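One file, run19.csv, is given below (CSV, C-alpha atoms and all ligand atoms).
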```csv
chain,number,residue,atom,x,y,z
A,7,MET,CA,-24.4,-10.5,1.6
A,8,SER,CA,-21.6,-8.7,-0.1
A,9,HIS,CA,-19.4,-10.4,-2.6
A,10,HIS,CA,-16.4,-8.6,-1.2
A,11,PRO,CA,-15.7,-9.4,2.5
A,12,SER,CA,-14.0,-6.1,3.0
A,13,ILE,CA,-16.8,-3.7,2.3
A,14,ASP,CA,-18.8,-4.8,5.3
A,15,ARG,CA,-16.0,-4.0,7.7
A,16,PRO,CA,-14.5,-0.7,8.7
A,17,SER,CA,-11.2,0.3,7.3
A,18,VAL,CA,-8.3,-0.2,9.7
A,19,THR,CA,-6.7,3.0,10.9
A,20,ILE,CA,-3.5,3.9,12.7
A,21,PRO,CA,-5.3,5.0,15.9
A,22,MET,CA,-7.3,1.8,15.8
A,23,LEU,CA,-4.1,-0.3,15.6
A,24,GLN,CA,-2.5,1.6,18.4
A,25,GLN,CA,-5.6,1.1,20.6
A,26,ARG,CA,-5.6,-2.6,19.8
A,27,MET,CA,-1.9,-2.7,20.9
A,28,ARG,CA,-2.8,-1.0,24.2
A,29,ASP,CA,-5.6,-3.5,24.6
A,30,GLY,CA,-3.0,-6.3,24.3
A,31,GLU,CA,-4.2,-7.6,20.9
A,32,ARG,CA,-1.4,-8.8,18.6
A,33,LEU,CA,-1.3,-7.1,15.2
A,34,VAL,CA,-0.9,-9.0,12.0
A,35,MET,CA,0.8,-7.8,8.8
A,36,THR,CA,1.7,-9.5,5.6
A,37,THR,CA,2.8,-8.5,2.2
A,38,ALA,CA,0.6,-7.8,-0.9
A,39,TYR,CA,2.2,-7.0,-4.2
A,40,ASP,CA,-0.8,-7.2,-6.6
A,41,ALA,CA,-4.6,-7.5,-6.7
A,42,MET,CA,-4.6,-11.3,-6.2
A,43,THR,CA,-2.5,-11.3,-3.0
A,44,ALA,CA,-4.3,-8.2,-1.7
A,45,ARG,CA,-7.7,-10.0,-2.1
A,46,LEU,CA,-6.3,-13.1,-0.5
A,47,ALA,CA,-4.9,-11.4,2.6
A,48,ASP,CA,-7.1,-8.4,3.1
A,49,PRO,CA,-10.0,-10.1,4.9
A,50,ILE,CA,-7.5,-11.7,7.4
A,51,VAL,CA,-4.8,-9.2,8.4
A,52,ASP,CA,-4.7,-5.8,10.0
A,53,MET,CA,-2.0,-4.4,7.6
A,54,LEU,CA,-0.9,-5.0,4.1
A,55,LEU,CA,2.7,-4.2,3.3
A,56,VAL,CA,3.5,-3.4,-0.3
A,57,GLY,CA,7.0,-4.4,0.4
A,58,ASP,CA,10.1,-3.9,-1.6
A,59,SER,CA,10.6,-7.6,-1.1
A,60,VAL,CA,8.6,-7.8,-4.3
A,61,GLY,CA,12.1,-7.4,-5.9
A,62,ASN,CA,13.3,-10.8,-4.7
A,63,VAL,CA,10.0,-12.6,-4.3
A,64,CYS,CA,8.4,-11.7,-7.6
A,65,LEU,CA,10.8,-9.8,-9.9
A,66,GLY,CA,13.8,-12.3,-9.7
A,67,PHE,CA,16.3,-9.9,-8.1
A,68,ASP,CA,18.8,-11.2,-5.5
A,69,ASN,CA,17.9,-8.5,-3.1
A,70,THR,CA,15.7,-5.4,-2.8
A,71,LEU,CA,18.3,-2.8,-4.0
A,72,PRO,CA,17.2,-2.7,-7.7
A,73,VAL,CA,13.6,-1.9,-6.8
A,74,SER,CA,12.6,1.5,-8.0
A,75,MET,CA,9.8,4.0,-7.2
A,76,ALA,CA,8.2,3.1,-10.6
A,77,MET,CA,8.1,-0.6,-9.7
A,78,MET,CA,6.6,0.2,-6.2
A,79,ASN,CA,4.0,2.5,-7.7
A,80,HIS,CA,3.0,-0.2,-10.2
A,81,HIS,CA,2.5,-2.7,-7.4
A,82,LEU,CA,0.8,-0.3,-5.0
A,83,GLU,CA,-1.7,0.7,-7.7
A,84,ALA,CA,-2.6,-3.0,-8.3
A,85,VAL,CA,-3.2,-3.5,-4.5
A,86,MET,CA,-5.2,-0.3,-4.2
A,87,ARG,CA,-7.6,-1.3,-7.1
A,88,THR,CA,-9.0,-3.9,-4.7
A,89,ARG,CA,-10.0,-1.2,-2.2
A,90,PRO,CA,-8.5,-3.1,0.8
A,91,ARG,CA,-9.9,-2.5,4.3
A,92,ALA,CA,-6.6,-3.3,5.9
A,93,LEU,CA,-4.1,-0.5,6.5
A,94,VAL,CA,-1.9,-0.3,3.4
A,95,VAL,CA,1.8,0.5,4.1
A,96,ALA,CA,4.0,1.2,1.1
A,97,ASP,CA,7.7,0.5,1.3
A,98,MET,CA,10.1,3.3,0.3
A,99,PRO,CA,12.7,1.6,-2.0
A,100,TYR,CA,16.4,2.0,-1.8
A,101,LEU,CA,17.5,5.6,-2.8
A,102,SER,CA,14.0,7.0,-2.7
A,103,TYR,CA,14.5,8.7,0.7
A,104,HIS,CA,18.3,9.0,0.9
A,105,LEU,CA,19.1,11.9,-1.4
A,106,SER,CA,17.1,15.0,-0.3
A,107,LEU,CA,14.1,15.8,1.8
A,108,ASP,CA,12.2,17.2,-1.2
A,109,GLU,CA,12.6,13.9,-3.1
A,110,THR,CA,11.7,11.9,0.0
A,111,LEU,CA,8.5,13.9,0.4
A,112,CYS,CA,7.6,13.7,-3.3
A,113,ASN,CA,8.1,10.0,-3.4
A,114,ALA,CA,6.2,9.3,-0.1
A,115,GLY,CA,3.4,11.8,-1.0
A,116,GLY,CA,3.1,9.9,-4.4
A,117,PHE,CA,2.3,6.7,-2.4
A,118,LEU,CA,-0.4,8.5,-0.4
A,119,LYS,CA,-1.9,10.0,-3.5
A,120,ARG,CA,-2.1,6.4,-4.8
A,121,GLY,CA,-4.0,5.3,-1.7
A,122,ALA,CA,-1.5,4.1,0.8
A,123,ALA,CA,-2.1,5.1,4.4
A,124,ALA,CA,1.5,5.1,5.4
A,125,VAL,CA,5.1,4.5,4.2
A,126,LYS,CA,7.9,2.5,5.6
A,127,VAL,CA,11.6,3.5,5.8
A,128,GLU,CA,14.6,1.5,6.9
A,129,GLY,CA,17.2,2.8,9.3
A,130,GLY,CA,17.6,4.4,12.7
A,131,ALA,CA,18.7,7.8,14.0
A,132,LYS,CA,20.1,8.9,10.6
A,133,ARG,CA,16.5,8.7,9.2
A,134,ALA,CA,15.0,10.8,12.1
A,135,GLU,CA,15.1,14.0,10.1
A,136,ALA,CA,13.4,12.5,7.1
A,137,VAL,CA,10.8,10.9,9.4
A,138,ARG,CA,10.1,14.3,11.0
A,139,ALA,CA,9.7,15.9,7.6
A,140,LEU,CA,7.3,13.2,6.4
A,141,VAL,CA,5.2,13.4,9.6
A,142,GLU,CA,5.1,17.2,9.3
A,143,CYS,CA,3.5,16.6,5.8
A,144,GLU,CA,0.8,14.3,7.2
A,145,ILE,CA,2.6,11.2,6.0
A,146,PRO,CA,2.5,8.4,8.6
A,147,VAL,CA,5.8,6.5,8.9
A,148,MET,CA,6.6,3.0,10.0
A,149,GLY,CA,10.3,2.6,10.9
A,150,HIS,CA,12.3,-0.6,10.2
A,151,LEU,CA,15.3,-1.5,12.4
A,152,GLY,CA,17.7,-4.5,12.9
A,153,LEU,CA,18.3,-6.5,9.8
A,154,THR,CA,17.4,-3.9,7.2
A,155,PRO,CA,17.6,-5.6,3.8
A,156,GLN,CA,18.6,-2.4,2.0
A,157,SER,CA,21.8,-2.4,4.1
A,158,VAL,CA,22.7,-5.9,2.9
A,159,HIS,CA,26.2,-4.9,1.7
A,160,ALA,CA,26.9,-2.7,4.7
A,161,MET,CA,25.9,-5.6,7.1
A,162,GLY,CA,28.0,-8.1,5.1
A,163,GLY,CA,24.9,-10.2,4.3
A,164,PHE,CA,21.5,-11.0,5.8
A,165,LYS,CA,22.7,-11.5,9.4
A,166,VAL,CA,21.0,-11.2,12.8
A,167,GLN,CA,21.7,-7.7,14.2
A,168,GLY,CA,22.1,-6.5,17.8
A,169,ARG,CA,23.9,-9.5,19.4
A,170,ALA,CA,26.8,-7.5,20.7
A,171,ALA,CA,26.0,-5.2,23.6
A,172,GLU,CA,26.9,-2.0,21.8
A,173,ASP,CA,24.8,-2.9,18.8
A,174,ALA,CA,21.9,-3.8,21.0
A,175,ILE,CA,22.1,-0.4,22.7
A,176,ARG,CA,22.4,1.4,19.4
A,177,ILE,CA,19.2,-0.4,18.1
A,178,LEU,CA,17.4,0.4,21.3
A,179,ASP,CA,18.4,4.0,21.1
A,180,ASP,CA,17.4,4.1,17.4
A,181,ALA,CA,14.0,2.8,18.3
A,182,HIS,CA,13.5,5.7,20.7
A,183,ARG,CA,14.8,8.3,18.2
A,184,LEU,CA,12.3,7.0,15.6
A,185,GLU,CA,9.4,7.1,18.1
A,186,GLU,CA,10.4,10.7,19.0
A,187,ALA,CA,10.6,11.6,15.3
A,188,GLY,CA,7.0,10.5,15.0
A,189,CYS,CA,6.9,7.0,13.7
A,190,PHE,CA,3.5,5.3,14.4
A,191,ALA,CA,5.0,1.8,14.5
A,192,LEU,CA,8.3,0.0,14.0
A,193,VAL,CA,9.2,-3.2,12.2
A,194,LEU,CA,11.9,-5.1,14.1
A,195,GLU,CA,13.7,-7.6,11.9
A,196,GLY,CA,16.3,-10.2,12.7
A,197,ILE,CA,17.2,-9.2,16.2
A,198,PRO,CA,17.4,-11.3,19.4
A,199,SER,CA,14.0,-11.8,21.2
A,200,GLU,CA,15.2,-10.2,24.4
A,201,LEU,CA,16.2,-7.0,22.6
A,202,ALA,CA,12.8,-6.9,20.8
A,203,ALA,CA,11.0,-7.4,24.1
A,204,LYS,CA,12.9,-4.6,25.7
A,205,ILE,CA,12.2,-2.2,22.8
A,206,THR,CA,8.5,-3.2,22.8
A,207,GLN,CA,8.2,-2.6,26.6
A,208,SER,CA,9.9,0.7,26.5
A,209,LEU,CA,8.0,2.3,23.5
A,210,SER,CA,4.5,3.5,23.4
A,211,ILE,CA,4.1,2.6,19.6
A,212,PRO,CA,3.5,-0.9,18.3
A,213,THR,CA,6.5,-3.1,17.2
A,214,ILE,CA,5.9,-5.6,14.4
A,215,GLY,CA,8.4,-8.4,14.5
A,216,ILE,CA,9.9,-10.6,11.8
A,217,GLY,CA,12.6,-12.9,13.3
A,218,ALA,CA,12.4,-10.8,16.5
A,219,GLY,CA,10.7,-13.3,18.8
A,220,PRO,CA,7.3,-13.5,20.4
A,221,ASP,CA,7.2,-10.4,22.5
A,222,CYS,CA,6.5,-7.8,19.8
A,223,SER,CA,3.1,-6.1,19.5
A,224,GLY,CA,2.6,-7.9,16.2
A,225,GLN,CA,4.2,-10.1,13.5
A,226,VAL,CA,4.8,-9.8,9.8
A,227,LEU,CA,5.8,-12.5,7.3
A,228,VAL,CA,6.0,-12.3,3.6
A,229,LEU,CA,2.8,-13.9,2.2
A,230,HIS,CA,4.7,-16.1,-0.3
A,231,ASP,CA,6.8,-17.5,2.6
A,232,VAL,CA,3.7,-18.3,4.7
A,233,LEU,CA,2.1,-20.1,1.7
A,234,GLY,CA,5.3,-22.0,0.7
A,235,LEU,CA,5.5,-20.3,-2.7
A,236,THR,CA,9.1,-19.1,-2.3
A,237,GLN,CA,12.0,-21.4,-3.0
A,238,GLY,CA,15.6,-21.7,-1.8
A,239,HIS,CA,16.9,-20.8,1.7
A,240,ARG,CA,14.2,-19.8,4.2
A,241,PRO,CA,15.3,-18.2,7.4
A,242,LYS,CA,14.3,-20.1,10.6
A,243,PHE,CA,11.8,-17.4,11.6
A,244,VAL,CA,9.6,-18.3,8.6
A,245,ARG,CA,6.8,-20.7,9.4
A,246,THR,CA,5.3,-22.1,6.3
A,247,TYR,CA,1.7,-23.2,6.5
A,248,LEU,CA,1.4,-24.8,3.0
A,249,ASP,CA,3.7,-26.3,0.5
A,250,GLY,CA,2.1,-24.0,-2.0
A,251,PHE,CA,4.8,-24.4,-4.7
A,252,THR,CA,4.4,-28.2,-4.8
A,253,VAL,CA,0.6,-28.0,-4.6
A,254,LEU,CA,0.3,-25.5,-7.4
A,255,GLN,CA,2.9,-27.4,-9.6
A,256,GLN,CA,0.9,-30.6,-9.1
A,257,ALA,CA,-2.3,-28.9,-10.3
A,258,LEU,CA,-0.4,-27.5,-13.4
A,259,THR,CA,1.1,-30.9,-14.1
A,260,ARG,CA,-2.3,-32.5,-14.1
A,261,TRP,CA,-3.7,-29.8,-16.5
A,262,ALA,CA,-0.7,-30.2,-18.9
A,263,ALA,CA,-1.2,-34.0,-18.9
A,264,ASP,CA,-4.9,-33.5,-19.8
A,265,VAL,CA,-3.9,-31.2,-22.7
A,266,ARG,CA,-1.4,-33.7,-24.0
A,267,SER,CA,-3.8,-36.7,-23.7
A,268,GLY,CA,-6.7,-34.7,-25.2
A,269,ALA,CA,-8.8,-35.0,-22.0
A,270,PHE,CA,-8.8,-31.2,-21.8
A,271,PRO,CA,-11.0,-29.4,-22.9
A,272,SER,CA,-14.2,-31.5,-22.7
A,273,ALA,CA,-17.4,-30.6,-24.6
A,274,ALA,CA,-18.7,-28.8,-21.6
A,275,GLU,CA,-15.6,-26.6,-21.5
A,276,ALA,CA,-16.1,-25.5,-25.2
A,277,TYR,CA,-18.7,-23.5,-27.2
A,278,ALA,CA,-21.0,-25.2,-29.7
A,279,LEU,CA,-21.8,-23.7,-33.2
A,280,PRO,CA,-25.6,-23.5,-33.9
A,281,ALA,CA,-26.9,-26.0,-36.5
A,282,ASP,CA,-27.4,-23.4,-39.4
A,283,ALA,CA,-23.9,-22.0,-38.9
A,284,GLN,CA,-22.5,-25.6,-38.7
A,285,ALA,CA,-24.0,-26.3,-42.2
A,286,ALA,CA,-22.6,-23.1,-43.6
A,287,VAL,CA,-19.1,-23.8,-42.2
A,288,ALA,CA,-19.3,-27.4,-43.4
A,289,ALA,CA,-20.2,-26.3,-47.0
A,290,TRP,CA,-17.4,-23.7,-47.1
A,291,THR,CA,-14.4,-24.4,-49.4
A,292,PRO,CA,-11.5,-22.2,-50.3
A,293,HIS,CA,-12.2,-19.6,-53.1
A,294,ALA,CA,-16.0,-20.4,-52.9
A,295,SER,CA,-16.8,-17.1,-51.2
A,296,THR,CA,-19.4,-15.0,-53.1
A,297,SER,CA,-18.0,-11.7,-52.0
A,298,SER,CA,-15.1,-10.7,-54.4
B,1,LIG,O1,9.7,-5.7,2.1
B,1,LIG,C1,9.2,-6.4,3.0
B,1,LIG,O2,8.6,-7.4,2.8
B,1,LIG,C2,9.6,-6.1,4.4
B,1,LIG,C3,9.1,-7.0,5.5
B,1,LIG,C4,9.9,-8.2,5.5
B,1,LIG,C5,9.1,-6.3,6.8
B,1,LIG,O3,10.2,-5.1,4.6
```
Go ahead and express the file in the form of structure tokens.
Amino acid sequence: MSHHPSIDRPSVTIPMLQQRMRDGERLVMTTAYDAMTARLADPIVDMLLVGDSVGNVCLGFDNTLPVSMAMMNHHLEAVMRTRPRALVVADMPYLSYHLSLDETLCNAGGFLKRGAAAVKVEGGAKRAEAVRALVECEIPVMGHLGLTPQSVHAMGGFKVQGRAAEDAIRILDDAHRLEEAGCFALVLEGIPSELAAKITQSLSIPTIGIGAGPDCSGQVLVLHDVLGLTQGHRPKFVRTYLDGFTVLQQALTRWAADVRSGAFPSAAEAYALPADAQAAVAAWTPHASTSS
């Protein structure tokens, strides 16, 4: 039996995911930002997203805007060192696909050279040209519509999108523009369930929902949210399966108490000196060394 669950299983591919969607299987994606989270999630999910949410989840920023290509490459490389079997999607950070097509292609191509199978970009029709150029260069693209965190200031905060009729129609239209431009899948974030259902029914590519109700082709949640490792406000669409923060802090508290009481480490957790070396060490006194 292999020590690594992933090497016995075939790698997940885009055609495989699209076929699973057509077969009515729901797709599962979560975030991985490093080797540890990749190893944890890879045997379980279909897609690993090296998300720019690393900025707020791990790097202490208030939002994803400060995240750079250098940061994303650093985290992607850590994930890829674990040789995941899941499809790895790398998130294009703010300003890495907004300035020119050349820069967009260079940044996205750098992700593929590091082992990602696809990239994700936020935004609708205004990204169609960039999506077409990426697909033309054999770079698969996942779109991201609705509550797009990189537009936090333009949206006036992290707010549900598409509630007004004209906004709903614009998002529906954007979804079709992105499919036409060549996206292989779309993340739908923070939109009403009925709108997500309509988008999902009317597209032929998978939709991956987050705060978009049950009728998407799949779901994504940030791994740290699922495990209860994030603190502060959690949106209502986050279902937490463990109070990980408390559980981990309890374990650390017990270890710290053992250190303070002397209960850690025990003899079994330490290395013994052989008897002859013990005698030499015991006989040693300062300035008694023979080598001068
Ligand atoms: O960066 C991220 O984690 C994301 C998901 C929430 C879809 O974009």
Output the neighbourhood of ligand LIG 1 (chain B) as a tab-separated table (two decimals) with C-alpha atoms, in the frame of the given file, that is, all protein and nucleic acid residues with some atom at most 6 Å from the ligand, counting all atoms listed in the file.
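Okay, this is what ended up in out.tsv:
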```tsv
chain	number	residue	atom	x	y	z
A	37	THR	CA	2.80	-8.50	2.20
A	57	GLY	CA	7.00	-4.40	0.40
A	58	ASP	CA	10.10	-3.90	-1.60
A	59	SER	CA	10.60	-7.60	-1.10
A	228	VAL	CA	6.00	-12.30	3.60
```
Legend entry - Residue neighbourhood stretch 245-261 of chain A, 7 Å, all atoms listed in the file, exclusion window fewer than 4 positions, as a list in words: Asp231, Val232, Leu233, Gly234, Leu235 and Val265 of chain A
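Residues surrounding A:Leu178 within 9 Å are Leu201, Ala202, Lys204 and Ile205 of chain A [all atoms listed in the file; sequence separation below 6 positions excluded].
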Legend entry - Counting only C-alpha atoms, the option among A:Asp40, A:Asp282, A:Glu144, A:Glu135 closest to A:Cys64: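 Closest to A:Cys64, using only C-alpha atoms: A:Asp40.
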Legend entry - Nearest-residue call for A:Arg120, choices A:Leu194, A:Val94, A:Leu153, A:Ala269, using only C-alpha atoms: A:Val94
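Of the residues under consideration (A:Gly130, A:Pro198, A:Pro99, A:Gly162), A:Gly130 shows the shortest atom-to-atom contact distance to A:His150 when counting all atoms listed in the file.
Note that atom CA of A:Phe117 and atom CA of A:Asn79 are 7.0 Å apart.
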